[in-house]
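Shown next: entry17.cif, containing mmCIF, N, CA and C atoms, pLDDT in the B column; chains and numbers go by the auth columns.
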data_start
#
loop_
_atom_site.group_PDB
_atom_site.id
_atom_site.type_symbol
_atom_site.label_atom_id
_atom_site.label_comp_id
_atom_site.label_asym_id
_atom_site.label_seq_id
_atom_site.Cartn_x
_atom_site.Cartn_y
_atom_site.Cartn_z
_atom_site.B_iso_or_equiv
_atom_site.auth_seq_id
_atom_site.auth_asym_id
ATOM 1 N N MET A 1 -1.377 -22.742 5.383 30.00 1 A
ATOM 2 C CA MET A 1 -1.902 -21.506 4.868 30.00 1 A
ATOM 3 C C MET A 1 -2.888 -20.928 5.876 30.00 1 A
ATOM 4 N N ARG A 2 -2.862 -19.641 6.040 35.00 2 A
ATOM 5 C CA ARG A 2 -3.744 -18.983 6.994 35.00 2 A
ATOM 6 C C ARG A 2 -5.115 -18.715 6.384 35.00 2 A
ATOM 7 N N GLU A 3 -6.030 -18.272 7.234 40.00 3 A
ATOM 8 C CA GLU A 3 -7.402 -18.007 6.803 40.00 3 A
ATOM 9 C C GLU A 3 -7.476 -16.984 5.675 40.00 3 A
ATOM 10 N N ASN A 4 -6.583 -15.996 5.685 40.00 4 A
ATOM 11 C CA ASN A 4 -6.612 -14.952 4.659 40.00 4 A
ATOM 12 C C ASN A 4 -5.966 -15.384 3.354 40.00 4 A
ATOM 13 N N GLY A 5 -5.456 -16.621 3.299 39.00 5 A
ATOM 14 C CA GLY A 5 -4.887 -17.139 2.064 39.00 5 A
ATOM 15 C C GLY A 5 -3.406 -16.887 1.900 39.00 5 A
ATOM 16 N N HIS A 6 -2.775 -16.255 2.874 40.00 6 A
ATOM 17 C CA HIS A 6 -1.356 -15.960 2.787 40.00 6 A
ATOM 18 C C HIS A 6 -0.599 -16.809 3.797 40.00 6 A
ATOM 19 N N ALA A 7 0.310 -17.606 3.313 40.00 7 A
ATOM 20 C CA ALA A 7 1.084 -18.482 4.197 40.00 7 A
ATOM 21 C C ALA A 7 2.027 -17.695 5.094 40.00 7 A
ATOM 22 N N ASP A 8 2.491 -16.527 4.639 41.00 8 A
ATOM 23 C CA ASP A 8 3.474 -15.764 5.404 41.00 8 A
ATOM 24 C C ASP A 8 2.850 -14.863 6.459 41.00 8 A
ATOM 25 N N GLY A 9 1.541 -14.866 6.589 43.00 9 A
ATOM 26 C CA GLY A 9 0.887 -14.036 7.588 43.00 9 A
ATOM 27 C C GLY A 9 0.526 -12.655 7.082 43.00 9 A
ATOM 28 N N ALA A 10 0.951 -12.288 5.856 51.00 10 A
ATOM 29 C CA ALA A 10 0.581 -10.995 5.307 51.00 10 A
ATOM 30 C C ALA A 10 -0.931 -10.953 5.122 51.00 10 A
ATOM 31 N N ARG A 11 -1.491 -9.802 5.325 67.00 11 A
ATOM 32 C CA ARG A 11 -2.930 -9.692 5.246 67.00 11 A
ATOM 33 C C ARG A 11 -3.282 -8.538 4.330 67.00 11 A
ATOM 34 N N GLY A 12 -4.125 -8.786 3.343 81.00 12 A
ATOM 35 C CA GLY A 12 -4.599 -7.734 2.467 81.00 12 A
ATOM 36 C C GLY A 12 -5.642 -6.901 3.178 81.00 12 A
ATOM 37 N N MET A 13 -6.322 -6.072 2.439 83.00 13 A
ATOM 38 C CA MET A 13 -7.338 -5.201 3.020 83.00 13 A
ATOM 39 C C MET A 13 -8.673 -5.436 2.339 83.00 13 A
ATOM 40 N N SER A 14 -9.732 -5.343 3.109 87.00 14 A
ATOM 41 C CA SER A 14 -11.073 -5.488 2.547 87.00 14 A
ATOM 42 C C SER A 14 -11.451 -4.208 1.806 87.00 14 A
ATOM 43 N N ARG A 15 -12.474 -4.304 0.988 86.00 15 A
ATOM 44 C CA ARG A 15 -12.983 -3.135 0.256 86.00 15 A
ATOM 45 C C ARG A 15 -13.368 -2.031 1.238 86.00 15 A
ATOM 46 N N GLU A 16 -14.028 -2.401 2.325 87.00 16 A
ATOM 47 C CA GLU A 16 -14.472 -1.429 3.324 87.00 16 A
ATOM 48 C C GLU A 16 -13.278 -0.731 3.979 87.00 16 A
ATOM 49 N N GLU A 17 -12.230 -1.501 4.285 85.00 17 A
ATOM 50 C CA GLU A 17 -11.029 -0.908 4.872 85.00 17 A
ATOM 51 C C GLU A 17 -10.385 0.074 3.893 85.00 17 A
ATOM 52 N N LEU A 18 -10.307 -0.323 2.631 83.00 18 A
ATOM 53 C CA LEU A 18 -9.708 0.545 1.618 83.00 18 A
ATOM 54 C C LEU A 18 -10.485 1.846 1.458 83.00 18 A
ATOM 55 N N LEU A 19 -11.800 1.755 1.401 83.00 19 A
ATOM 56 C CA LEU A 19 -12.627 2.945 1.203 83.00 19 A
ATOM 57 C C LEU A 19 -12.631 3.851 2.437 83.00 19 A
ATOM 58 N N GLY A 20 -12.231 3.336 3.581 84.00 20 A
ATOM 59 C CA GLY A 20 -12.184 4.126 4.806 84.00 20 A
ATOM 60 C C GLY A 20 -10.834 4.775 5.077 84.00 20 A
ATOM 61 N N LEU A 21 -9.896 4.657 4.157 82.00 21 A
ATOM 62 C CA LEU A 21 -8.558 5.215 4.370 82.00 21 A
ATOM 63 C C LEU A 21 -8.569 6.742 4.281 82.00 21 A
ATOM 64 N N PRO A 22 -7.654 7.402 5.006 82.00 22 A
ATOM 65 C CA PRO A 22 -7.513 8.861 4.896 82.00 22 A
ATOM 66 C C PRO A 22 -6.907 9.248 3.544 82.00 22 A
ATOM 67 N N VAL A 23 -6.729 10.528 3.304 87.00 23 A
ATOM 68 C CA VAL A 23 -6.245 11.060 2.020 87.00 23 A
ATOM 69 C C VAL A 23 -4.900 10.471 1.615 87.00 23 A
ATOM 70 N N ALA A 24 -4.030 10.266 2.562 92.00 24 A
ATOM 71 C CA ALA A 24 -2.719 9.641 2.303 92.00 24 A
ATOM 72 C C ALA A 24 -2.421 8.682 3.450 92.00 24 A
ATOM 73 N N VAL A 25 -1.731 7.609 3.122 94.00 25 A
ATOM 74 C CA VAL A 25 -1.409 6.590 4.122 94.00 25 A
ATOM 75 C C VAL A 25 0.084 6.304 4.102 94.00 25 A
ATOM 76 N N ASP A 26 0.576 5.692 5.182 94.00 26 A
ATOM 77 C CA ASP A 26 1.989 5.332 5.215 94.00 26 A
ATOM 78 C C ASP A 26 2.257 4.204 4.218 94.00 26 A
ATOM 79 N N LEU A 27 3.510 4.027 3.885 97.00 27 A
ATOM 80 C CA LEU A 27 3.888 3.048 2.870 97.00 27 A
ATOM 81 C C LEU A 27 3.527 1.625 3.285 97.00 27 A
ATOM 82 N N ASP A 28 3.610 1.320 4.564 96.00 28 A
ATOM 83 C CA ASP A 28 3.255 -0.028 5.019 96.00 28 A
ATOM 84 C C ASP A 28 1.778 -0.328 4.740 96.00 28 A
ATOM 85 N N THR A 29 0.915 0.664 4.913 95.00 29 A
ATOM 86 C CA THR A 29 -0.508 0.481 4.617 95.00 29 A
ATOM 87 C C THR A 29 -0.718 0.312 3.112 95.00 29 A
ATOM 88 N N GLY A 30 -0.025 1.127 2.307 96.00 30 A
ATOM 89 C CA GLY A 30 -0.098 0.981 0.854 96.00 30 A
ATOM 90 C C GLY A 30 0.379 -0.387 0.405 96.00 30 A
ATOM 91 N N ASN A 31 1.468 -0.856 1.006 96.00 31 A
ATOM 92 C CA ASN A 31 1.984 -2.185 0.685 96.00 31 A
ATOM 93 C C ASN A 31 0.954 -3.254 1.008 96.00 31 A
ATOM 94 N N ARG A 32 0.334 -3.128 2.160 94.00 32 A
ATOM 95 C CA ARG A 32 -0.677 -4.109 2.578 94.00 32 A
ATOM 96 C C ARG A 32 -1.850 -4.124 1.601 94.00 32 A
ATOM 97 N N ALA A 33 -2.296 -2.946 1.186 93.00 33 A
ATOM 98 C CA ALA A 33 -3.420 -2.848 0.243 93.00 33 A
ATOM 99 C C ALA A 33 -3.080 -3.512 -1.089 93.00 33 A
ATOM 100 N N LEU A 34 -1.823 -3.403 -1.501 95.00 34 A
ATOM 101 C CA LEU A 34 -1.399 -3.957 -2.792 95.00 34 A
ATOM 102 C C LEU A 34 -0.859 -5.374 -2.693 95.00 34 A
ATOM 103 N N GLY A 35 -0.747 -5.872 -1.481 94.00 35 A
ATOM 104 C CA GLY A 35 -0.212 -7.223 -1.303 94.00 35 A
ATOM 105 C C GLY A 35 1.290 -7.296 -1.496 94.00 35 A
ATOM 106 N N LEU A 36 1.977 -6.171 -1.276 95.00 36 A
ATOM 107 C CA LEU A 36 3.436 -6.138 -1.404 95.00 36 A
ATOM 108 C C LEU A 36 4.084 -6.356 -0.051 95.00 36 A
ATOM 109 N N GLY A 37 5.207 -7.015 -0.047 96.00 37 A
ATOM 110 C CA GLY A 37 5.990 -7.141 1.172 96.00 37 A
ATOM 111 C C GLY A 37 6.659 -5.816 1.500 96.00 37 A
ATOM 112 N N ARG A 38 7.054 -5.651 2.746 96.00 38 A
ATOM 113 C CA ARG A 38 7.651 -4.395 3.192 96.00 38 A
ATOM 114 C C ARG A 38 8.908 -4.048 2.394 96.00 38 A
ATOM 115 N N SER A 39 9.822 -4.991 2.252 97.00 39 A
ATOM 116 C CA SER A 39 11.084 -4.732 1.545 97.00 39 A
ATOM 117 C C SER A 39 10.839 -4.345 0.094 97.00 39 A
ATOM 118 N N LYS A 40 9.967 -5.079 -0.580 97.00 40 A
ATOM 119 C CA LYS A 40 9.681 -4.801 -1.992 97.00 40 A
ATOM 120 C C LYS A 40 9.029 -3.438 -2.151 97.00 40 A
ATOM 121 N N GLY A 41 8.080 -3.115 -1.268 97.00 41 A
ATOM 122 C CA GLY A 41 7.405 -1.820 -1.334 97.00 41 A
ATOM 123 C C GLY A 41 8.374 -0.659 -1.168 97.00 41 A
ATOM 124 N N TYR A 42 9.251 -0.758 -0.182 96.00 42 A
ATOM 125 C CA TYR A 42 10.224 0.316 0.037 96.00 42 A
ATOM 126 C C TYR A 42 11.225 0.393 -1.113 96.00 42 A
ATOM 127 N N GLU A 43 11.608 -0.745 -1.657 97.00 43 A
ATOM 128 C CA GLU A 43 12.517 -0.750 -2.804 97.00 43 A
ATOM 129 C C GLU A 43 11.880 -0.031 -3.993 97.00 43 A
ATOM 130 N N LEU A 44 10.624 -0.345 -4.282 97.00 44 A
ATOM 131 C CA LEU A 44 9.918 0.305 -5.387 97.00 44 A
ATOM 132 C C LEU A 44 9.773 1.805 -5.155 97.00 44 A
ATOM 133 N N ALA A 45 9.465 2.196 -3.924 96.00 45 A
ATOM 134 C CA ALA A 45 9.316 3.619 -3.607 96.00 45 A
ATOM 135 C C ALA A 45 10.651 4.349 -3.786 96.00 45 A
ATOM 136 N N ARG A 46 11.735 3.766 -3.296 95.00 46 A
ATOM 137 C CA ARG A 46 13.062 4.388 -3.439 95.00 46 A
ATOM 138 C C ARG A 46 13.439 4.572 -4.902 95.00 46 A
ATOM 139 N N ARG A 47 13.074 3.611 -5.725 96.00 47 A
ATOM 140 C CA ARG A 47 13.407 3.666 -7.162 96.00 47 A
ATOM 141 C C ARG A 47 12.444 4.532 -7.972 96.00 47 A
ATOM 142 N N GLY A 48 11.375 5.019 -7.345 95.00 48 A
ATOM 143 C CA GLY A 48 10.365 5.789 -8.080 95.00 48 A
ATOM 144 C C GLY A 48 9.498 4.899 -8.941 95.00 48 A
ATOM 145 N N GLN A 49 9.381 3.600 -8.583 97.00 49 A
ATOM 146 C CA GLN A 49 8.638 2.634 -9.383 97.00 49 A
ATOM 147 C C GLN A 49 7.412 2.075 -8.661 97.00 49 A
ATOM 148 N N TYR A 50 7.012 2.706 -7.572 97.00 50 A
ATOM 149 C CA TYR A 50 5.825 2.241 -6.854 97.00 50 A
ATOM 150 C C TYR A 50 4.636 2.360 -7.798 97.00 50 A
ATOM 151 N N PRO A 51 3.686 1.433 -7.767 96.00 51 A
ATOM 152 C CA PRO A 51 2.608 1.424 -8.765 96.00 51 A
ATOM 153 C C PRO A 51 1.600 2.571 -8.666 96.00 51 A
ATOM 154 N N CYS A 52 1.692 3.405 -7.643 95.00 52 A
ATOM 155 C CA CYS A 52 0.837 4.594 -7.578 95.00 52 A
ATOM 156 C C CYS A 52 1.649 5.725 -6.950 95.00 52 A
ATOM 157 N N LYS A 53 1.058 6.922 -6.901 95.00 53 A
ATOM 158 C CA LYS A 53 1.784 8.102 -6.447 95.00 53 A
ATOM 159 C C LYS A 53 2.210 7.987 -4.981 95.00 53 A
ATOM 160 N N VAL A 54 3.507 8.258 -4.747 96.00 54 A
ATOM 161 C CA VAL A 54 4.085 8.243 -3.405 96.00 54 A
ATOM 162 C C VAL A 54 4.739 9.600 -3.163 96.00 54 A
ATOM 163 N N LEU A 55 4.460 10.185 -2.016 95.00 55 A
ATOM 164 C CA LEU A 55 5.073 11.450 -1.626 95.00 55 A
ATOM 165 C C LEU A 55 6.197 11.163 -0.640 95.00 55 A
ATOM 166 N N ARG A 56 7.285 11.871 -0.766 94.00 56 A
ATOM 167 C CA ARG A 56 8.403 11.729 0.178 94.00 56 A
ATOM 168 C C ARG A 56 8.356 12.938 1.100 94.00 56 A
ATOM 169 N N LEU A 57 8.145 12.709 2.372 91.00 57 A
ATOM 170 C CA LEU A 57 8.089 13.771 3.374 91.00 57 A
ATOM 171 C C LEU A 57 9.191 13.527 4.388 91.00 57 A
ATOM 172 N N GLY A 58 10.321 14.178 4.173 92.00 58 A
ATOM 173 C CA GLY A 58 11.492 13.914 5.001 92.00 58 A
ATOM 174 C C GLY A 58 11.965 12.502 4.740 92.00 58 A
ATOM 175 N N SER A 59 11.998 11.684 5.771 90.00 59 A
ATOM 176 C CA SER A 59 12.417 10.298 5.597 90.00 59 A
ATOM 177 C C SER A 59 11.228 9.350 5.447 90.00 59 A
ATOM 178 N N ALA A 60 10.013 9.905 5.471 94.00 60 A
ATOM 179 C CA ALA A 60 8.801 9.077 5.392 94.00 60 A
ATOM 180 C C ALA A 60 8.202 9.101 3.992 94.00 60 A
ATOM 181 N N TYR A 61 7.568 8.000 3.634 96.00 61 A
ATOM 182 C CA TYR A 61 6.820 7.901 2.383 96.00 61 A
ATOM 183 C C TYR A 61 5.338 7.895 2.719 96.00 61 A
ATOM 184 N N ARG A 62 4.542 8.596 1.899 96.00 62 A
ATOM 185 C CA ARG A 62 3.087 8.576 2.042 96.00 62 A
ATOM 186 C C ARG A 62 2.498 8.225 0.680 96.00 62 A
ATOM 187 N N VAL A 63 1.545 7.314 0.675 96.00 63 A
ATOM 188 C CA VAL A 63 0.882 6.883 -0.552 96.00 63 A
ATOM 189 C C VAL A 63 -0.424 7.670 -0.680 96.00 63 A
ATOM 190 N N VAL A 64 -0.657 8.242 -1.852 94.00 64 A
ATOM 191 C CA VAL A 64 -1.878 9.003 -2.104 94.00 64 A
ATOM 192 C C VAL A 64 -3.026 8.012 -2.280 94.00 64 A
ATOM 193 N N THR A 65 -3.994 8.079 -1.389 92.00 65 A
ATOM 194 C CA THR A 65 -5.080 7.100 -1.356 92.00 65 A
ATOM 195 C C THR A 65 -5.906 7.108 -2.640 92.00 65 A
ATOM 196 N N ALA A 66 -6.177 8.276 -3.215 93.00 66 A
ATOM 197 C CA ALA A 66 -6.970 8.338 -4.450 93.00 66 A
ATOM 198 C C ALA A 66 -6.291 7.530 -5.554 93.00 66 A
ATOM 199 N N ASP A 67 -4.981 7.643 -5.680 94.00 67 A
ATOM 200 C CA ASP A 67 -4.248 6.874 -6.696 94.00 67 A
ATOM 201 C C ASP A 67 -4.283 5.384 -6.383 94.00 67 A
ATOM 202 N N LEU A 68 -4.179 5.054 -5.112 93.00 68 A
ATOM 203 C CA LEU A 68 -4.237 3.653 -4.680 93.00 68 A
ATOM 204 C C LEU A 68 -5.593 3.043 -5.028 93.00 68 A
ATOM 205 N N LEU A 69 -6.669 3.771 -4.729 91.00 69 A
ATOM 206 C CA LEU A 69 -8.008 3.261 -5.030 91.00 69 A
ATOM 207 C C LEU A 69 -8.249 3.146 -6.533 91.00 69 A
ATOM 208 N N THR A 70 -7.722 4.094 -7.312 94.00 70 A
ATOM 209 C CA THR A 70 -7.845 4.020 -8.769 94.00 70 A
ATOM 210 C C THR A 70 -7.131 2.780 -9.290 94.00 70 A
ATOM 211 N N LEU A 71 -5.919 2.549 -8.808 93.00 71 A
ATOM 212 C CA LEU A 71 -5.151 1.373 -9.226 93.00 71 A
ATOM 213 C C LEU A 71 -5.895 0.088 -8.918 93.00 71 A
ATOM 214 N N LEU A 72 -6.585 0.059 -7.793 90.00 72 A
ATOM 215 C CA LEU A 72 -7.321 -1.147 -7.366 90.00 72 A
ATOM 216 C C LEU A 72 -8.738 -1.212 -7.947 90.00 72 A
ATOM 217 N N GLY A 73 -9.106 -0.236 -8.765 91.00 73 A
ATOM 218 C CA GLY A 73 -10.418 -0.225 -9.393 91.00 73 A
ATOM 219 C C GLY A 73 -11.539 0.127 -8.443 91.00 73 A
ATOM 220 N N LEU A 74 -11.241 0.904 -7.406 87.00 74 A
ATOM 221 C CA LEU A 74 -12.261 1.259 -6.411 87.00 74 A
ATOM 222 C C LEU A 74 -12.555 2.751 -6.389 87.00 74 A
ATOM 223 N N ALA A 75 -12.047 3.484 -7.367 76.00 75 A
ATOM 224 C CA ALA A 75 -12.272 4.947 -7.399 76.00 75 A
ATOM 225 C C ALA A 75 -13.737 5.236 -7.675 76.00 75 A
ATOM 226 N N ALA A 76 -14.215 6.307 -7.066 60.00 76 A
ATOM 227 C CA ALA A 76 -15.627 6.699 -7.243 60.00 76 A
ATOM 228 C C ALA A 76 -15.875 7.315 -8.598 60.00 76 A
#
What's the structure tokens form of this structure?
Amino acid sequence: MRENGHADGARGMSREELLGLPVAVDLDTGNRALGLGRSKGYELARRGQYPCKVLRLGSAYRVVTADLLTLLGLAA
């Protein structure tokens, strides 16, 4: 097991990192914040089942940071 507690090398985000995010982030950053793997995160986004608001911009997904912080209990 690694120092961050994840055997697979996945790394979550600290409170400070989360609070420093821009208005919207890429799906990989949202996945990291939620502790989701890349495949699972993209699967949930494609199905419209991601746990917070996701915007589809062309072929890219963007996670709304305010919704992400609310879900994680860090909203102001």
Just the number, please: distance in Å from atom CA of Tyr42 of chain A to atom CA of Gly73 of chain A, one decimal.
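Going from atom CA of Tyr42 of chain A over to atom CA of Gly73 of chain A, I get 22.7 Å.
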Using the chain letters and residue numbers of this document, give as a PyMOL selection string the residues selected by the PyMOL selection byres (((chain A and resi 65 and name CA) around 12) and name CA).
chain A and resi 17-27+29-31+33-34+52-55+62-64+66-72+74-75
Could you check how far atom C of Leu36 of chain A sits from atom C of Gly12 of chain A, in Å to one decimal?
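Computing it gives 10.3 Å between the two atoms.
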Assign secondary structure with DSSP using the backbone only, and return the residues of chain A in alpha helix (DSSP H) as a PyMOL selection string.
chain A and resi 15-19+27-34+38-47+65-71
Please, which residues of chain A, numbered as in this document, come out strand (DSSP E) from DSSP, as an NGL selection string?
:A and (24-26 or 54-57 or 60-64)
How many Å separate atom N of Gly41 of chain A from atom C of Ser59 of chain A?
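Between atom N of Gly41 of chain A and atom C of Ser59 of chain A the gap works out to 14.5 Å.
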Take every atom of segment 16-23 of chain A listed in the file, fit an axis-aligned box around them, add 3 Å per side, and give the centre and edge lengths in Å to one decimal as JSON.
{"center_x": -9.7, "center_y": 4.3, "center_z": 3.1, "size_x": 15.6, "size_y": 19.5, "size_z": 9.9}
